[in-house]
Number of protein chains: 2
Amino acid sequence: MSPLRSWFSIPRGSHFSLANIPFGVISTASSKAPRVAVAIGDHALDLEIFAANNGFSALSTIQPHQAVFSQPTLNAFAALGRPVHSVVRKYIQSVFAENTPYPEVLKTNSSLQKQALFPLSQVQTHLPFKIGDYTDFYAGLNHAYNVGVLFRGPTNALQPNYKHLPVGYHGRASSVVVSGTPIRRPNGQILENPTAEKKVPTFSACRKLDIELELGAFICKANRMGEPVPISEAEESLFGVVLMNDWSARDIQAWEYVPLGPFNAKNFGTTISPWIVLADALGPFKTKGLENDSEILPYLKEKDDKSFYDIRLQVDLKTASGNLTTISKTSSRNLLWSFPQMLTHHSITGCPMQVGDLLGSGTISGLEPSERGSLLEQNENGKTSIKLSCGEERKFLENGDEICITGVCGSDEENLVGFGDCTGKIEPALTFLR
Amino acid sequence: MSPLRSWFSIPRGSHFSLANIPFGVISTASSKAPRVAVAIGDHALDLEIFAANNGFSALSTIQPHQAVFSQPTLNAFAALGRPVHSVVRKYIQSVFAENTPYPEVLKTNSSLQKQALFPLSQVQTHLPFKIGDYTDFYAGLNHAYNVGVLFRGPTNALQPNYKHLPVGYHGRASSVVVSGTPIRRPNGQILENPTAEKKVPTFSACRKLDIELELGAFICKANRMGEPVPISEAEESLFGVVLMNDWSARDIQAWEYVPLGPFNAKNFGTTISPWIVLADALGPFKTKGLENDSEILPYLKEKDDKSFYDIRLQVDLKTASGNLTTISKTSSRNLLWSFPQMLTHHSITGCPMQVGDLLGSGTISGLEPSERGSLLEQNENGKTSIKLSCGEERKFLENGDEICITGVCGSDEENLVGFGDCTGKIEPALTFLR
């Protein structure tokens with residue numbers, strides 16, 4: 001890929017290079033109504049203002065649909081379909097290109113630059129979609145194996161179904177929040193002494209508050225109830241990808257999860273990064289996922305097995321006193337199932353998917369201890385501790401801890417495709433409950 | 001309760017007596033736009049037309065909010081809060097009362113009667129809420145016990161957590177449909193030989209298609225993320241109740257459900273009755289639920305333990321050839337946890353509930369075989385068969401079978417409070433998939 005250069009100043013190393021053009025929803029001090037924007041370098045381009053000032057004058061495709069940029073979510077834009085997303089992204093790239101064929105649109109239009117370009121430090125990002133349903137999968141083979149070993153031993157670590165279908169469960173859509181939203185430590189029922197014969201729970205603030213390093217993918221195409229999405233068409237339904245932290249209360253989970261799966265342990269917050277990297281932007285970074293040594297059923301077989309992404313993921317923990325430690329580094333290729341496979345399996349029953357539905361990949365862990373995407377795996381369910389660079393130790397999260405997930409693709413520092421930050425800080429639990 | 005009499009002709013035995021006044025969303029041949037209505041006898045009163053013709057002239061409370069009746073869902077009306085629902089219901093009762101204080105509104109206004117009252121046979125009902133999240137609980141103790149015996153034997157039938165918290169899981173909101181919507185038999189992965197050492201699934205149409213007899217409750221009050229709904233305030237968040245059939249693919253479920261719970265087995269359709277019976281209308285039929293012999297934590301303790309309903313439930317199976325057999329009869333009091341307890345437990349972590357969220361009770365079964373709310377229990381997981389009155393037998397549902405759930409409260413045939421029908425007919429699975 002030849003490097004893309006811009007007349008606009010994009011800092012070297014920016015996640016939001018000209019090769020990216022991720023979409024989000026912003027508001028600003030002068031205009032509180034959330035609307036659609038793209039991130040470029042350390043700025044946001046307000047597409048409502050851009051559209052209102054003839055920014056799309058050279059792109060007839062989008063002109064009848066410009067109202068989508070004034071919406072408070074990306075649902076309407078996403079529903080236009082991937083060919084439209086592709087054209088809009090390429091057009092914005094061409095507007096910012098060094099030798100833009102449309103200099104009058106923005107390059108030489110300093111008035112519109114002033115109106116429509118905001119420093120990212122001055123914009124508020126919002127949840128980019130109205131999410132209908134949120135489904136979380138469990139496609140991180142190494143994570144599933146590590147957790148299985150902790151709870152069932154190495155022989156039965158993976159359940160017999162694991163390599164035949166993307167295991168998943170319906171999550172809680174209402175508690176998906178945008179990066180930066182504080183996460184309150186949940187209260188709930190925990191079993192203090194799991195080995196006691198009589199099992200009586202205690203009411204408590206969660207003592208095993210954990211993270212889950214995941215990717216999320218948003219759906220941009222609905223299917224009718226009763227009509228599955230074939231694997232050959234699944235890519236067309238994927239709008240783009242975000243980083244995701246599926247906060248988890250391990251002690252609440254251990255007590256509640258039989259026989260119907262995690263519930264309260266997962267419904268108090270799921271954080272996503274604000275800028276959605278379009279499937280097109282991730283195209284050059286497609287790769288194979290983990291090898292599946294089981295023969296899978298035809299409906300899950302992809303023509304091309306390169307439908308995973310090689311995103312370099314990193315998890316940092318910042319303590320209340322400001323100390324920062326990188327606690328995990330891995331690649332998003334550590335998945336057994338791709339998003340198209342998840343989507344096709346999800347809908348094989350005829351389940352209707354809607355624009356704005358969110359699919360989570362499941363926790364992503366590499367093979368090495370330094371690559372694990374949850375604290376549960378890192379501390380072997382509380383047996384060991386993580387050493388922080390300030391000398392403190394952590395088994396699980398403490399109040400005031402802030403988790404920041406980042407992810408980036410590419411090696412050319414001037415053409416990175418990244419996601420920005422996916423952060424959340426832990427607030428103390430409410431104490432008046434019992 | 002003294003009987004309520006109306007000037008309007010309400011057939012004896014109607015589920016929609018003057019004591020009821022359930023809310024729903026309708027359209028008609030002459031006006032295709034869905035809007036809010038109430039059911040009364042065998043008619044629907046179109047509240048959009050009623051409001052537009054000064055129907056609410058004597059009710060100043062609702063006048064600033066009349067636009068809610070022109071909405072295609074009940075979300076906006078529900079969000080006005082229970083005191084408003086209460087006042088509107090009572091007002092409509094008084095308009096229809098034999099000695100109405102407002103005869104000019106409808107009793108002597110034959111023009112408005114003609115405009116706003118439609119025979120139920122001529123209205124199309126629609127999904128009454130835009131459902132944000134749908135959560136299904138497992139509060140039917142007898143069902144949980146029966147199923148537990150089938151899969152784990154009588155000693156471990158109930159998990160240790162069962163009597164301490166309302167076990168539940170997040171369901172699929174997008175496949176909740178209104179009564180009458182056909183249900184297509186799902187395809188998926190099943191394990192033909194579960195006892196084989198090597199577990200290899202087959203792709204197949206579901207062979208164990210089942211029903212689940214449930215109640216559903218809609219939420220009418222949001223809580224902020226991080227702020228649980230205390231048990232003392234939970235009743236105020238409950239708009240009303242519907243009948244529910246949570247269609248289940250038992251063979252798909254058996255293979256997929258470890259370790260994260262049911263997923264595809266439950267996401268292809270959940271049917272609800274179209275008319276929501278307000279919590280107020282059910283007030284006179286409140287009763288105790290099943291006794292819990294475990295000490296429950298304070299946050300789940302209700303001041304009054306009569307927050308269950310004594311609704312006489314019935315499940316009928318109609319074959320493709322038209323034969324009708326009643327396959328189950330029970331009471332909705334067969335629950336261990338009430339809707340307020342479910343809601344409070346759901347939100348104890350700070351999980352935000354939104355107006356239009358749906359809570360399912362879990363399958364309701366009595367103690368007797370004739371009172372079981374799922375076929376799985378009735379046929380002991382395929383060991384026995386149900387005899388139909390036409391001489392046919394059923395283990396699970398066949399194509400063309402129609403299930404109709406009904407429910408009604410009260411003994412005075414002129415003041416019944418019921419739900420109408422909750423029906424769905426099974427269509428054959430798609431055959432081109434593999």
# chains A, B, ... in the order shown; residues from 1 in each chain; ligands from 1
>>> select_by_dssp(residues="range 215-250 of chain A", states="helix (DSSP H, G or I)", output="VMD selection string")
chain A and resid 231 to 237 250
>>> residues_around(residues="range 352-358 of chain A", least_positions_apart="3", cutoff="8 Å", atoms="only C-alpha atoms", output="list of chain:residue names")
A:Leu74, A:Asn75, A:Ala78, A:Ala79, A:Phe129, A:Lys130, A:Ile131, A:Gly132, A:Asp133, A:Tyr134, A:Thr135, A:Gly216, A:Ala217, A:Phe218, A:Ile219, A:Cys220, A:Lys221, A:Ala222, A:Asn223, A:Arg224, A:Met225, A:Gly226, A:Glu227, A:Pro228, A:Ser347, B:Ser174, B:Ser175, B:Phe268
>>> interface_residues(of="chain A", to="chain B", cutoff="8 Å", atoms="only C-alpha atoms", output="PyMOL selection string")
chain A and resi 132-133+159-161+164-165+167-175+183-188+199-203+225-226+255-264+267-269+297-299+346+348-354+433-434
>>> residues_around(residues="Gly418 in chain A", least_positions_apart="5", cutoff="9 Å", atoms="only C-alpha atoms", output="ChimeraX atom specification")
/A:14-17,20,22,277,311,406-410
>>> closest_residue(among="A:Ser27, A:Asn399, A:Thr423, A:Ser370", to="Gln71 in chain A", atoms="only C-alpha atoms")
A:Ser27
>>> atom_distance(atom1="CA of Lys208 in chain A", atom2="CA of Arg333 in chain A")
27.5 Å
>>> residues_around(residues="Ile386 in chain B", least_positions_apart="2", cutoff="9 Å", atoms="only C-alpha atoms", output="MDAnalysis selection string")
chainID B and resid 327 375 378:379 384 388 392:396
>>> atom_distance(atom1="CA of Asn245 in chain A", atom2="CA of Val25 in chain A")
19.2 Å
>>> select_by_dssp(residues="range 72-304 of chain B", states="strand (DSSP E or B)", output="ChimeraX atom specification")
/B:97,117-119,123-126,134-137,168-170,176-178,183-184,187-190,202-205,209-210,213-219,238-245,248-249,270-272,276-278,286-287
>>> atom_distance(atom1="CA of Gly366 in chain A", atom2="CA of Gly24 in chain A")
29.2 Å
>>> residues_around(residues="Lys425 in chain A", least_positions_apart="6", cutoff="10 Å", atoms="only C-alpha atoms", output="list in words")
Ser179, Gly180, Thr181, Pro182, Ile183, Arg184, Arg185, Leu317, Lys318, Thr319, Ala320, Leu397, Glu398, Asn399, Gly400, Asp401, Glu402, Ile403 and Cys404 of chain A
>>> write_last_selection(atoms="all heavy atoms", output="compact mmCIF listing (two decimals), in the first residue's frame")
# COMPACT_ATOMS: atom_id res chain seq x y z
N SER A 179 -16.36 4.91 25.76
CA SER A 179 -15.10 5.12 26.47
C SER A 179 -15.13 6.38 27.32
O SER A 179 -15.59 7.43 26.86
CB SER A 179 -13.97 5.24 25.42
OG SER A 179 -12.76 5.54 26.04
N GLY A 180 -14.62 6.27 28.53
CA GLY A 180 -14.58 7.42 29.44
C GLY A 180 -15.68 7.40 30.48
O GLY A 180 -15.58 8.10 31.49
N THR A 181 -16.73 6.63 30.23
CA THR A 181 -17.83 6.54 31.19
C THR A 181 -17.33 5.78 32.44
O THR A 181 -16.77 4.70 32.30
CB THR A 181 -19.02 5.76 30.58
OG1 THR A 181 -19.36 6.35 29.32
CG2 THR A 181 -20.22 5.76 31.51
N PRO A 182 -17.51 6.37 33.64
CA PRO A 182 -17.05 5.65 34.85
C PRO A 182 -17.87 4.37 35.04
O PRO A 182 -19.03 4.30 34.66
CB PRO A 182 -17.35 6.64 35.98
CG PRO A 182 -17.69 7.94 35.34
CD PRO A 182 -18.15 7.65 33.96
N ILE A 183 -17.23 3.38 35.63
CA ILE A 183 -17.88 2.11 35.91
C ILE A 183 -17.96 1.93 37.42
O ILE A 183 -16.94 1.91 38.11
CB ILE A 183 -17.07 0.94 35.29
CG1 ILE A 183 -16.97 1.08 33.77
CG2 ILE A 183 -17.68 -0.41 35.68
CD1 ILE A 183 -18.29 0.98 33.02
N ARG A 184 -19.19 1.83 37.91
CA ARG A 184 -19.36 1.65 39.34
C ARG A 184 -19.23 0.17 39.69
O ARG A 184 -19.87 -0.67 39.07
CB ARG A 184 -20.73 2.17 39.78
CG ARG A 184 -20.96 2.04 41.26
CD ARG A 184 -22.21 2.76 41.69
NE ARG A 184 -21.98 4.19 41.82
CZ ARG A 184 -22.94 5.09 41.98
NH1 ARG A 184 -24.20 4.72 42.00
NH2 ARG A 184 -22.64 6.36 42.12
N ARG A 185 -18.41 -0.09 40.70
CA ARG A 185 -18.26 -1.49 41.16
C ARG A 185 -19.64 -2.01 41.58
O ARG A 185 -20.33 -1.38 42.38
CB ARG A 185 -17.31 -1.52 42.35
CG ARG A 185 -17.05 -2.92 42.93
CD ARG A 185 -16.16 -2.82 44.16
NE ARG A 185 -14.86 -2.25 43.82
CZ ARG A 185 -13.81 -2.94 43.39
NH1 ARG A 185 -13.90 -4.25 43.26
NH2 ARG A 185 -12.67 -2.33 43.10
N LEU A 317 -3.06 -0.38 32.82
CA LEU A 317 -3.76 -0.10 34.08
C LEU A 317 -3.13 1.13 34.71
O LEU A 317 -1.91 1.16 34.95
CB LEU A 317 -3.67 -1.31 35.02
CG LEU A 317 -4.51 -1.27 36.31
CD1 LEU A 317 -4.75 -2.69 36.82
CD2 LEU A 317 -3.92 -0.42 37.41
N LYS A 318 -3.96 2.14 34.98
CA LYS A 318 -3.47 3.36 35.65
C LYS A 318 -4.08 3.39 37.04
O LYS A 318 -5.30 3.33 37.20
CB LYS A 318 -3.88 4.60 34.86
CG LYS A 318 -3.23 5.87 35.36
CD LYS A 318 -3.25 6.97 34.32
CE LYS A 318 -4.45 7.89 34.54
NZ LYS A 318 -4.49 9.00 33.58
N THR A 319 -3.25 3.44 38.05
CA THR A 319 -3.77 3.46 39.43
C THR A 319 -4.31 4.85 39.76
O THR A 319 -4.06 5.83 39.04
CB THR A 319 -2.64 3.14 40.43
OG1 THR A 319 -1.66 4.18 40.34
CG2 THR A 319 -1.99 1.79 40.13
N ALA A 320 -5.01 4.93 40.90
CA ALA A 320 -5.56 6.22 41.33
C ALA A 320 -4.46 7.26 41.49
O ALA A 320 -4.68 8.46 41.27
CB ALA A 320 -6.33 6.04 42.63
N LEU A 397 -9.36 -5.54 40.09
CA LEU A 397 -9.31 -4.08 40.05
C LEU A 397 -9.67 -3.45 41.39
O LEU A 397 -10.57 -3.92 42.08
CB LEU A 397 -10.26 -3.55 38.96
CG LEU A 397 -9.91 -3.97 37.53
CD1 LEU A 397 -10.98 -3.46 36.56
CD2 LEU A 397 -8.53 -3.44 37.13
N GLU A 398 -8.97 -2.37 41.72
CA GLU A 398 -9.30 -1.60 42.92
C GLU A 398 -10.02 -0.32 42.51
O GLU A 398 -9.94 0.11 41.35
CB GLU A 398 -8.03 -1.29 43.70
CG GLU A 398 -7.38 -2.59 44.18
CD GLU A 398 -6.30 -2.37 45.23
OE1 GLU A 398 -6.01 -1.20 45.58
OE2 GLU A 398 -5.77 -3.39 45.70
N ASN A 399 -10.70 0.27 43.48
CA ASN A 399 -11.37 1.55 43.18
C ASN A 399 -10.35 2.57 42.73
O ASN A 399 -9.25 2.66 43.28
CB ASN A 399 -12.10 2.05 44.42
CG ASN A 399 -13.25 1.13 44.81
OD1 ASN A 399 -13.75 0.37 43.98
ND2 ASN A 399 -13.65 1.19 46.07
N GLY A 400 -10.70 3.34 41.74
CA GLY A 400 -9.79 4.35 41.22
C GLY A 400 -8.89 3.86 40.11
O GLY A 400 -8.28 4.65 39.40
N ASP A 401 -8.81 2.54 39.94
CA ASP A 401 -8.04 2.01 38.81
C ASP A 401 -8.73 2.39 37.50
O ASP A 401 -9.96 2.35 37.41
CB ASP A 401 -7.96 0.47 38.87
CG ASP A 401 -6.96 -0.02 39.91
OD1 ASP A 401 -6.21 0.80 40.48
OD2 ASP A 401 -6.93 -1.25 40.16
N GLU A 402 -7.91 2.72 36.53
CA GLU A 402 -8.44 3.01 35.21
C GLU A 402 -7.82 2.04 34.21
O GLU A 402 -6.61 1.82 34.24
CB GLU A 402 -8.12 4.45 34.81
CG GLU A 402 -8.76 4.87 33.50
CD GLU A 402 -8.55 6.35 33.18
OE1 GLU A 402 -7.46 6.86 33.50
OE2 GLU A 402 -9.45 6.97 32.63
N ILE A 403 -8.67 1.44 33.38
CA ILE A 403 -8.18 0.52 32.36
C ILE A 403 -8.28 1.22 31.01
O ILE A 403 -9.32 1.82 30.69
CB ILE A 403 -9.01 -0.77 32.35
CG1 ILE A 403 -8.74 -1.60 33.60
CG2 ILE A 403 -8.74 -1.60 31.08
CD1 ILE A 403 -7.34 -2.22 33.66
N CYS A 404 -7.20 1.16 30.25
CA CYS A 404 -7.22 1.74 28.91
C CYS A 404 -6.77 0.68 27.91
O CYS A 404 -5.67 0.15 28.00
CB CYS A 404 -6.29 2.95 28.84
SG CYS A 404 -6.25 3.68 27.19
>>> closest_residue(among="B:Gly322, B:Gly81, B:Gly424, B:Gly153", to="Leu278 in chain B", atoms="only C-alpha atoms")
B:Gly81
